[in-house]
$ cat upload.txt   # compact mmCIF, C-alpha atoms and all ligand atoms
# COMPACT_ATOMS: atom_id res chain seq x y z
CA MET A 1 11.15 -136.72 80.40
CA THR A 2 8.85 -134.09 78.84
CA ALA A 3 10.87 -131.32 80.46
CA ALA A 4 14.16 -132.80 79.25
CA PHE A 5 12.77 -133.00 75.73
CA ILE A 6 11.59 -129.36 75.81
CA TRP A 7 14.96 -128.29 77.19
CA ILE A 8 16.94 -130.02 74.42
CA LEU A 9 14.57 -128.74 71.73
CA LEU A 10 14.74 -125.14 73.02
CA THR A 11 18.51 -125.37 73.25
CA ILE A 12 18.91 -126.58 69.67
CA ILE A 13 16.53 -123.92 68.31
CA SER A 14 18.24 -121.13 70.27
CA GLU A 15 21.76 -122.20 69.28
CA VAL A 16 20.81 -122.42 65.60
CA LEU A 17 19.06 -119.04 65.70
CA PHE A 18 21.98 -117.37 67.48
CA LEU A 19 24.64 -118.83 65.19
CA SER A 20 22.71 -117.93 62.03
CA PHE A 21 22.43 -114.23 62.88
CA ASP A 22 25.29 -111.86 62.19
CA ILE A 23 24.64 -109.50 65.07
CA PHE A 24 27.44 -106.93 64.92
CA GLY A 25 29.04 -107.30 61.50
CA ASP A 26 32.71 -108.15 61.14
CA ALA A 27 35.40 -106.96 63.52
CA VAL A 28 38.17 -105.14 61.65
CA THR A 29 41.13 -105.74 64.00
CA GLU A 30 42.91 -108.93 65.09
CA GLN A 31 41.94 -108.18 68.69
CA GLY A 32 38.33 -107.62 67.65
CA VAL A 33 38.13 -110.97 65.89
CA PHE A 34 39.30 -112.69 69.08
CA ILE A 35 36.77 -110.76 71.15
CA ASP A 36 33.93 -111.70 68.80
CA GLU A 37 34.93 -115.37 68.97
CA ALA A 38 35.02 -115.14 72.77
CA PHE A 39 31.58 -113.54 72.79
CA VAL A 40 30.10 -116.24 70.55
CA LEU A 41 31.64 -118.99 72.70
CA LEU A 42 30.22 -117.48 75.91
CA VAL A 43 26.72 -117.18 74.44
CA VAL A 44 26.85 -120.74 73.05
CA LEU A 45 27.79 -121.99 76.55
CA ALA A 46 25.17 -119.81 78.25
CA ILE A 47 22.23 -120.84 76.05
CA PRO A 48 21.76 -124.37 77.51
CA ILE A 49 21.81 -122.91 81.02
CA PHE A 50 19.30 -120.22 80.11
CA THR A 51 16.96 -122.71 78.42
CA PHE A 52 17.33 -125.06 81.40
CA VAL A 53 16.18 -122.36 83.83
CA ILE A 54 13.33 -121.25 81.57
CA THR A 55 12.17 -124.83 80.94
CA THR A 56 12.30 -125.73 84.62
CA LEU A 57 10.38 -122.61 85.56
CA GLY A 58 7.72 -123.16 82.86
CA TYR A 59 7.43 -126.86 83.62
CA VAL A 60 6.86 -126.49 87.36
CA LEU A 61 4.44 -123.61 86.81
CA VAL A 62 2.23 -125.83 84.66
CA LYS A 63 2.84 -129.21 86.30
CA PHE A 64 2.44 -128.16 89.94
CA ARG A 65 -0.23 -125.49 89.55
CA ALA A 66 -3.30 -125.57 91.85
CA LYS A 67 -6.05 -127.62 90.24
CA GLY A 68 -9.72 -126.78 90.77
CA ASP A 69 -10.67 -125.86 94.32
CA GLU A 70 -7.72 -127.62 95.87
CA LEU A 71 -6.23 -125.21 98.39
CA GLU A 72 -4.05 -127.58 100.38
CA ASP A 73 -0.27 -127.40 100.09
CA SER A 74 1.52 -130.50 98.87
CA ALA A 75 4.12 -132.17 101.03
CA PRO A 76 7.18 -129.92 101.35
CA VAL A 77 10.37 -131.02 99.63
CA ARG A 78 13.32 -129.94 101.73
CA THR A 79 16.30 -131.15 99.75
CA HIS A 80 17.15 -132.69 96.47
CA ASP A 81 20.77 -133.53 97.09
CA LYS A 82 21.60 -135.18 93.81
CA TRP A 83 20.29 -132.25 91.76
CA ALA A 84 21.85 -129.63 93.99
CA ARG A 85 25.25 -131.32 93.88
CA SER A 86 25.26 -131.85 90.15
CA TRP A 87 24.18 -128.21 89.56
CA LEU A 88 27.05 -127.06 91.76
CA VAL A 89 29.59 -129.27 90.00
CA TRP A 90 28.57 -128.35 86.44
CA THR A 91 28.32 -124.62 87.01
CA THR A 92 31.67 -124.62 88.85
CA VAL A 93 33.35 -126.51 86.03
CA LEU A 94 31.86 -124.11 83.47
CA CYS A 95 33.02 -121.08 85.44
CA LEU A 96 36.56 -122.44 85.75
CA VAL A 97 36.65 -123.20 82.03
CA VAL A 98 35.63 -119.66 80.99
CA ILE A 99 38.05 -118.09 83.48
CA VAL A 100 40.87 -119.86 81.62
CA HIS A 101 39.41 -119.48 78.13
CA PRO A 102 38.43 -116.94 76.93
CA GLY A 103 39.27 -115.07 80.17
CA TYR A 104 42.99 -115.64 80.74
CA THR A 105 43.82 -116.50 77.12
CA GLY A 106 41.96 -113.33 76.10
CA LEU A 107 44.11 -111.13 78.35
CA LEU A 108 47.24 -112.73 76.87
CA GLU A 109 45.89 -112.17 73.35
CA LEU A 110 45.18 -108.46 73.99
CA ARG A 111 48.62 -107.96 75.56
CA LYS A 112 50.70 -109.98 73.13
CA THR A 113 51.79 -106.93 71.09
CA ASN A 114 52.83 -104.87 74.15
CA ALA A 115 56.54 -105.48 73.68
CA GLU A 116 56.43 -104.67 69.97
CA GLU A 117 57.21 -101.28 68.50
CA PRO A 118 53.92 -99.97 67.06
CA ASP A 119 53.67 -98.57 63.50
CA LEU A 120 51.77 -95.63 64.91
CA THR A 121 51.20 -94.23 68.39
CA VAL A 122 48.24 -91.93 68.99
CA ASN A 123 48.06 -89.96 72.24
CA VAL A 124 44.43 -89.39 73.15
CA THR A 125 43.08 -86.88 75.65
CA GLY A 126 39.49 -86.71 76.78
CA ARG A 127 37.81 -83.67 78.22
CA ARG A 128 34.23 -82.44 78.50
CA TRP A 129 33.11 -82.95 75.77
CA GLN A 130 35.66 -83.63 73.15
CA TRP A 131 38.55 -85.91 72.25
CA SER A 132 41.89 -84.59 71.02
CA TYR A 133 44.61 -86.60 69.29
CA GLU A 134 48.33 -86.35 68.79
CA TYR A 135 50.06 -88.53 66.21
CA GLU A 136 53.26 -89.17 68.14
CA GLY A 137 56.42 -88.06 66.31
CA ARG A 138 54.44 -87.10 63.20
CA GLY A 139 53.70 -83.48 63.98
CA VAL A 140 49.94 -83.81 63.64
CA GLN A 141 47.34 -82.93 66.22
CA LEU A 142 43.56 -83.01 65.92
CA PHE A 143 41.44 -80.77 68.13
CA ALA A 144 38.34 -79.83 66.15
CA MET A 145 35.23 -81.85 66.78
CA ASP A 146 34.46 -82.40 63.09
CA GLU A 147 37.93 -83.65 62.17
CA MET A 148 38.34 -87.27 61.12
CA LEU A 149 40.73 -89.62 62.84
CA ILE A 150 42.62 -91.16 59.91
CA LEU A 151 44.36 -94.46 60.66
CA PRO A 152 46.53 -96.77 58.54
CA ASN A 153 45.35 -100.24 57.59
CA ASP A 154 47.48 -103.34 58.14
CA SER A 155 49.30 -101.67 61.05
CA LEU A 156 49.90 -102.05 64.76
CA ILE A 157 48.40 -98.93 66.34
CA ARG A 158 48.86 -98.03 70.00
CA PHE A 159 46.42 -95.63 71.64
CA ILE A 160 47.72 -94.00 74.82
CA ILE A 161 44.80 -92.46 76.65
CA THR A 162 44.20 -89.99 79.44
CA SER A 163 41.81 -87.24 80.56
CA GLU A 164 42.61 -83.63 81.28
CA ASP A 165 43.42 -82.71 84.88
CA GLN A 166 40.36 -81.53 86.81
CA ASP A 167 38.12 -83.24 84.27
CA VAL A 168 36.02 -86.37 84.78
CA ILE A 169 36.40 -90.00 83.77
CA HIS A 170 35.63 -90.74 80.12
CA SER A 171 35.89 -93.98 78.21
CA PHE A 172 37.62 -94.36 74.88
CA TRP A 173 35.61 -96.81 72.79
CA ILE A 174 35.93 -97.81 69.13
CA PRO A 175 33.05 -100.18 68.34
CA ALA A 176 34.48 -101.46 65.02
CA PHE A 177 37.72 -102.39 66.81
CA ARG A 178 35.81 -103.95 69.76
CA MET A 179 38.14 -102.11 72.13
CA LYS A 180 37.35 -99.79 75.02
CA ILE A 181 39.30 -98.42 77.97
CA ASP A 182 38.74 -95.69 80.56
CA ALA A 183 40.28 -92.24 80.14
CA VAL A 184 41.10 -91.10 83.67
CA PRO A 185 42.56 -87.75 84.82
CA GLY A 186 46.09 -88.26 86.14
CA LEU A 187 46.39 -91.76 84.73
CA THR A 188 47.41 -93.18 81.36
CA THR A 189 45.79 -96.26 79.93
CA TYR A 190 46.42 -97.81 76.55
CA PHE A 191 45.45 -100.49 74.09
CA ASP A 192 46.90 -101.94 70.89
CA VAL A 193 45.06 -102.90 67.72
CA ASN A 194 46.22 -104.56 64.53
CA THR A 195 44.03 -103.15 61.77
CA LEU A 196 42.86 -105.65 59.17
CA GLU A 197 40.44 -103.78 56.91
CA ILE A 198 39.85 -100.34 55.51
CA GLY A 199 36.60 -98.63 56.46
CA HIS A 200 34.90 -95.29 56.81
CA PHE A 201 32.40 -93.81 59.24
CA ASN A 202 30.09 -92.91 56.33
CA ASP A 203 29.71 -96.60 55.42
CA ASP A 204 29.72 -98.02 58.94
CA VAL A 205 28.96 -95.96 62.05
CA ASN A 206 31.02 -98.40 64.12
CA PHE A 207 34.06 -96.60 62.70
CA ARG A 208 34.03 -93.96 65.39
CA VAL A 209 35.45 -93.10 68.77
CA GLN A 210 32.63 -92.77 71.25
CA CYS A 211 32.78 -91.76 74.89
CA ALA A 212 31.34 -94.72 76.78
CA GLU A 213 31.31 -93.26 80.28
CA LEU A 214 28.42 -90.93 81.08
CA CYS A 215 30.25 -87.63 81.59
CA GLY A 216 27.66 -84.85 81.42
CA THR A 217 25.51 -82.78 79.07
CA ASP A 218 27.22 -83.49 75.77
CA HIS A 219 28.42 -87.02 76.51
CA SER A 220 26.55 -88.42 73.51
CA LEU A 221 28.23 -85.88 71.20
CA MET A 222 31.68 -86.82 72.43
CA PHE A 223 32.66 -88.84 69.37
CA THR A 224 35.12 -88.72 66.48
CA ARG A 225 34.58 -90.18 63.03
CA ILE A 226 37.23 -92.67 61.90
CA ALA A 227 38.56 -93.69 58.50
CA VAL A 228 40.97 -96.61 58.17
CA VAL A 229 42.84 -96.15 54.89
CA GLU A 230 45.67 -97.92 53.06
CA ARG A 231 49.17 -97.11 54.38
CA ALA A 232 50.22 -95.07 51.35
CA GLU A 233 47.09 -92.95 51.59
CA PHE A 234 47.70 -92.47 55.30
CA GLU A 235 51.31 -91.34 54.73
CA GLN A 236 50.12 -88.89 52.10
CA TRP A 237 47.45 -87.50 54.42
CA ILE A 238 49.80 -87.11 57.36
CA ALA A 239 52.49 -85.45 55.21
CA GLU A 240 49.94 -82.90 53.97
CA LYS A 241 48.58 -82.36 57.43
CA ALA A 242 52.01 -81.88 59.01
CA ALA A 243 53.14 -79.43 56.36
CU CU A 301 33.00 -88.44 78.12
$ encode --input "upload.txt" --output "structure tokens"
Amino acid sequence: MTAAFIWILLTIISEVLFLSFDIFGDAVTEQGVFIDEAFVLLVVLAIPIFTFVITTLGYVLVKFRAKGDELEDSAPVRTHDKWARSWLVWTTVLCLVVIVHPGYTGLLELRKTNAEEPDLTVNVTGRRWQWSYEYEGRGVQLFAMDEMLILPNDSLIRFIITSEDQDVIHSFWIPAFRMKIDAVPGLTTYFDVNTLEIGHFNDDVNFRVQCAELCGTDHSLMFTRIAVVERAEFEQWIAEKAA
């Protein structure tokens, strides 16, 4: 009874604390919003299990500790069928639930724009230790490390990603978009985002591309600052850049 009470109390406190903290700030793409919701759901489901394990551990440590000079073992308990079975059933059900949602539904969500024609396609190449970008069909390429990746707001953007031949595996990660995928030599990967908000690296460091696969000496410097700007501003920028 005491243990059950502690478990419920710990669970309520942890859930309230978790839900009242804004850990990462807002996601700025449709896909990112879904990913954040999935993350919150998984943590909310995991908290009761975590508190159950912690409570059980703490409770048996205190309750069944050796008292005084007593050195004799208590009678061994071999099985506790009812508990074992119910643990198996509940954890299995939980696993199956999260495989379907947000697992399977999440994959569908991230792929739902695949058949659509994107407003902008950016071809990305990784190499040690720099990213380069080509705005497909727009005549703009970015090579220099200090150049900003300018992207249009309110648009479907497709990133098509690879690594140079003879290079190593990198990972193309944009924290503000909550999206990340490997950049592999000889292979193309891609992801789509629908941008929802303008933003600039100078106001929020999550607006950056960051290599997320340890790739050598300057791995940590393998990043590009991002600005998401209104469409008109983007068109103006790209026209100037292409000229
Ligand atoms: Cu890298």
$ closest_atom_pairs --input "upload.txt" --of "chain A" --to "ligand CU 301 (chain A)" --cutoff "10 Å" --atoms "all atoms listed in the file" --output "JSON lines"
{"residue": "A:Gly126", "atom": "CA", "partner": "A:CU301", "partner_atom": "CU", "distance": 6.8}
{"residue": "A:Arg127", "atom": "CA", "partner": "A:CU301", "partner_atom": "CU", "distance": 6.8}
{"residue": "A:Arg128", "atom": "CA", "partner": "A:CU301", "partner_atom": "CU", "distance": 6.1}
{"residue": "A:Trp129", "atom": "CA", "partner": "A:CU301", "partner_atom": "CU", "distance": 6.0}
{"residue": "A:Gln130", "atom": "CA", "partner": "A:CU301", "partner_atom": "CU", "distance": 7.4}
{"residue": "A:Trp131", "atom": "CA", "partner": "A:CU301", "partner_atom": "CU", "distance": 8.5}
{"residue": "A:Ser163", "atom": "CA", "partner": "A:CU301", "partner_atom": "CU", "distance": 9.2}
{"residue": "A:Asp167", "atom": "CA", "partner": "A:CU301", "partner_atom": "CU", "distance": 9.5}
{"residue": "A:Val168", "atom": "CA", "partner": "A:CU301", "partner_atom": "CU", "distance": 7.6}
{"residue": "A:Ile169", "atom": "CA", "partner": "A:CU301", "partner_atom": "CU", "distance": 6.8}
{"residue": "A:His170", "atom": "CA", "partner": "A:CU301", "partner_atom": "CU", "distance": 4.0}
{"residue": "A:Ser171", "atom": "CA", "partner": "A:CU301", "partner_atom": "CU", "distance": 6.2}
{"residue": "A:Phe172", "atom": "CA", "partner": "A:CU301", "partner_atom": "CU", "distance": 8.2}
{"residue": "A:Asp182", "atom": "CA", "partner": "A:CU301", "partner_atom": "CU", "distance": 9.6}
{"residue": "A:Ala183", "atom": "CA", "partner": "A:CU301", "partner_atom": "CU", "distance": 8.5}
{"residue": "A:Gln210", "atom": "CA", "partner": "A:CU301", "partner_atom": "CU", "distance": 8.1}
{"residue": "A:Cys211", "atom": "CA", "partner": "A:CU301", "partner_atom": "CU", "distance": 4.6}
{"residue": "A:Ala212", "atom": "CA", "partner": "A:CU301", "partner_atom": "CU", "distance": 6.6}
{"residue": "A:Glu213", "atom": "CA", "partner": "A:CU301", "partner_atom": "CU", "distance": 5.5}
{"residue": "A:Leu214", "atom": "CA", "partner": "A:CU301", "partner_atom": "CU", "distance": 6.0}
{"residue": "A:Cys215", "atom": "CA", "partner": "A:CU301", "partner_atom": "CU", "distance": 4.5}
{"residue": "A:Gly216", "atom": "CA", "partner": "A:CU301", "partner_atom": "CU", "distance": 7.2}
{"residue": "A:Thr217", "atom": "CA", "partner": "A:CU301", "partner_atom": "CU", "distance": 9.4}
{"residue": "A:Asp218", "atom": "CA", "partner": "A:CU301", "partner_atom": "CU", "distance": 8.0}
{"residue": "A:His219", "atom": "CA", "partner": "A:CU301", "partner_atom": "CU", "distance": 5.1}
{"residue": "A:Ser220", "atom": "CA", "partner": "A:CU301", "partner_atom": "CU", "distance": 7.9}
{"residue": "A:Leu221", "atom": "CA", "partner": "A:CU301", "partner_atom": "CU", "distance": 8.8}
{"residue": "A:Met222", "atom": "CA", "partner": "A:CU301", "partner_atom": "CU", "distance": 6.1}
{"residue": "A:Phe223", "atom": "CA", "partner": "A:CU301", "partner_atom": "CU", "distance": 8.8}
$ atom_distance --input "upload.txt" --atom1 "CA of Pro185 (chain A)" --atom2 "CA of Asp165 (chain A)"
5.1 Å
$ closest_residue --input "upload.txt" --among "A:Ile150, A:Ser155, A:Arg78, A:Ala38" --to "Tyr104 (chain A)" --atoms "all atoms listed in the file"
A:Ala38
$ residues_around --input "upload.txt" --residues "Ala176 (chain A)" --least-positions-apart "5" --cutoff "9 Å" --atoms "only C-alpha atoms" --output "ChimeraX atom specification"
/A:24-29,32,204-208
$ atom_distance --input "upload.txt" --atom1 "CA of Tyr135 (chain A)" --atom2 "CA of Ile238 (chain A)"
9.0 Å
$ closest_residue --input "upload.txt" --among "A:Thr113, A:Thr51, A:Thr195, A:Thr224" --to "Glu147 (chain A)" --atoms "all atoms listed in the file"
A:Thr224
$ atom_distance --input "upload.txt" --atom1 "CA of Asp192 (chain A)" --atom2 "CA of Phe159 (chain A)"
6.4 Å
$ closest_residue --input "upload.txt" --among "A:Ile54, A:Val229, A:Leu19, A:Val77" --to "Glu37 (chain A)" --atoms "all atoms listed in the file"
A:Leu19
$ closest_residue --input "upload.txt" --among "A:Gly199, A:Phe39, A:Glu233, A:His80" --to "Pro102 (chain A)" --atoms "only C-alpha atoms"
A:Phe39
$ residues_around --input "upload.txt" --residues "region 7-16 of chain A" --least-positions-apart "6" --cutoff "8 Å" --atoms "all atoms listed in the file" --output "PyMOL selection string"
chain A and resi 44+47-48+51-52+55
$ closest_residue --input "upload.txt" --among "A:Val93, A:Ala243, A:Ala84, A:Leu156" --to "Glu30 (chain A)" --atoms "only C-alpha atoms"
A:Leu156
$ closest_residue --input "upload.txt" --among "A:Leu41, A:Leu107, A:Val228, A:Ala75" --to "Ile157 (chain A)" --atoms "only C-alpha atoms"
A:Val228
$ build_atoms --input "upload.txt" --residues "region 151-162 of chain A" --atoms "all heavy atoms" --output "tab-separated table (two decimals), keeping the file's coordinate frame"
chain	number	residue	atom	x	y	z
A	151	LEU	N	43.45	-93.43	60.16
A	151	LEU	CA	44.36	-94.46	60.66
A	151	LEU	C	44.81	-95.37	59.52
A	151	LEU	O	44.05	-95.60	58.58
A	151	LEU	CB	43.65	-95.30	61.74
A	151	LEU	CG	43.17	-94.54	62.99
A	151	LEU	CD1	42.28	-95.43	63.84
A	151	LEU	CD2	44.36	-94.03	63.80
A	152	PRO	N	46.04	-95.90	59.61
A	152	PRO	CA	46.53	-96.77	58.54
A	152	PRO	C	46.04	-98.21	58.70
A	152	PRO	O	45.97	-98.73	59.83
A	152	PRO	CB	48.05	-96.70	58.71
A	152	PRO	CG	48.25	-96.42	60.17
A	152	PRO	CD	47.06	-95.63	60.64
A	153	ASN	N	45.73	-98.83	57.57
A	153	ASN	CA	45.35	-100.24	57.59
A	153	ASN	C	46.60	-101.11	57.74
A	153	ASN	O	47.72	-100.64	57.55
A	153	ASN	CB	44.63	-100.58	56.28
A	153	ASN	CG	44.01	-101.97	56.32
A	153	ASN	OD1	43.74	-102.51	57.40
A	153	ASN	ND2	43.78	-102.56	55.17
A	154	ASP	N	46.40	-102.37	58.14
A	154	ASP	CA	47.48	-103.34	58.14
A	154	ASP	C	48.63	-102.86	59.04
A	154	ASP	O	49.79	-103.01	58.69
A	154	ASP	CB	47.98	-103.51	56.69
A	154	ASP	CG	48.69	-104.85	56.51
A	154	ASP	OD1	48.52	-105.72	57.37
A	154	ASP	OD2	49.44	-104.99	55.52
A	155	SER	N	48.29	-102.26	60.18
A	155	SER	CA	49.30	-101.67	61.05
A	155	SER	C	49.01	-101.98	62.51
A	155	SER	O	47.85	-102.20	62.88
A	155	SER	CB	49.31	-100.15	60.89
A	155	SER	OG	49.51	-99.78	59.55
A	156	LEU	N	50.07	-101.97	63.31
A	156	LEU	CA	49.90	-102.05	64.76
A	156	LEU	C	49.79	-100.62	65.29
A	156	LEU	O	50.72	-99.83	65.16
A	156	LEU	CB	51.10	-102.77	65.39
A	156	LEU	CG	51.15	-102.76	66.93
A	156	LEU	CD1	49.92	-103.41	67.54
A	156	LEU	CD2	52.41	-103.47	67.43
A	157	ILE	N	48.63	-100.28	65.84
A	157	ILE	CA	48.40	-98.93	66.34
A	157	ILE	C	48.24	-98.98	67.86
A	157	ILE	O	47.48	-99.80	68.38
A	157	ILE	CB	47.13	-98.31	65.72
A	157	ILE	CG1	47.21	-98.35	64.19
A	157	ILE	CG2	46.93	-96.87	66.21
A	157	ILE	CD1	45.94	-97.93	63.49
A	158	ARG	N	48.98	-98.09	68.54
A	158	ARG	CA	48.86	-98.03	70.00
A	158	ARG	C	48.19	-96.72	70.40
A	158	ARG	O	48.65	-95.64	70.00
A	158	ARG	CB	50.24	-98.14	70.65
A	158	ARG	CG	50.22	-98.07	72.19
A	158	ARG	CD	51.52	-98.58	72.77
A	158	ARG	NE	51.72	-99.97	72.38
A	158	ARG	CZ	52.92	-100.54	72.24
A	158	ARG	NH1	54.01	-99.84	72.44
A	158	ARG	NH2	53.02	-101.80	71.87
A	159	PHE	N	47.10	-96.82	71.12
A	159	PHE	CA	46.42	-95.63	71.64
A	159	PHE	C	46.83	-95.47	73.11
A	159	PHE	O	46.68	-96.40	73.90
A	159	PHE	CB	44.90	-95.78	71.56
A	159	PHE	CG	44.37	-95.83	70.15
A	159	PHE	CD1	44.11	-97.04	69.53
A	159	PHE	CD2	44.13	-94.65	69.44
A	159	PHE	CE1	43.62	-97.08	68.22
A	159	PHE	CE2	43.65	-94.69	68.13
A	159	PHE	CZ	43.39	-95.90	67.52
A	160	ILE	N	47.36	-94.29	73.43
A	160	ILE	CA	47.72	-94.00	74.82
A	160	ILE	C	46.75	-92.92	75.30
A	160	ILE	O	46.66	-91.85	74.70
A	160	ILE	CB	49.18	-93.54	74.94
A	160	ILE	CG1	50.09	-94.69	74.45
A	160	ILE	CG2	49.52	-93.16	76.38
A	160	ILE	CD1	51.56	-94.37	74.43
A	161	ILE	N	46.01	-93.22	76.36
A	161	ILE	CA	44.80	-92.46	76.65
A	161	ILE	C	44.83	-91.85	78.05
A	161	ILE	O	45.23	-92.49	79.02
A	161	ILE	CB	43.58	-93.42	76.53
A	161	ILE	CG1	43.50	-93.97	75.09
A	161	ILE	CG2	42.28	-92.72	76.89
A	161	ILE	CD1	43.22	-95.43	75.04
A	162	THR	N	44.36	-90.62	78.13
A	162	THR	CA	44.20	-89.99	79.44
A	162	THR	C	43.06	-88.97	79.37
A	162	THR	O	42.44	-88.80	78.32
A	162	THR	CB	45.51	-89.33	79.92
A	162	THR	OG1	45.36	-88.95	81.30
A	162	THR	CG2	45.84	-88.09	79.10
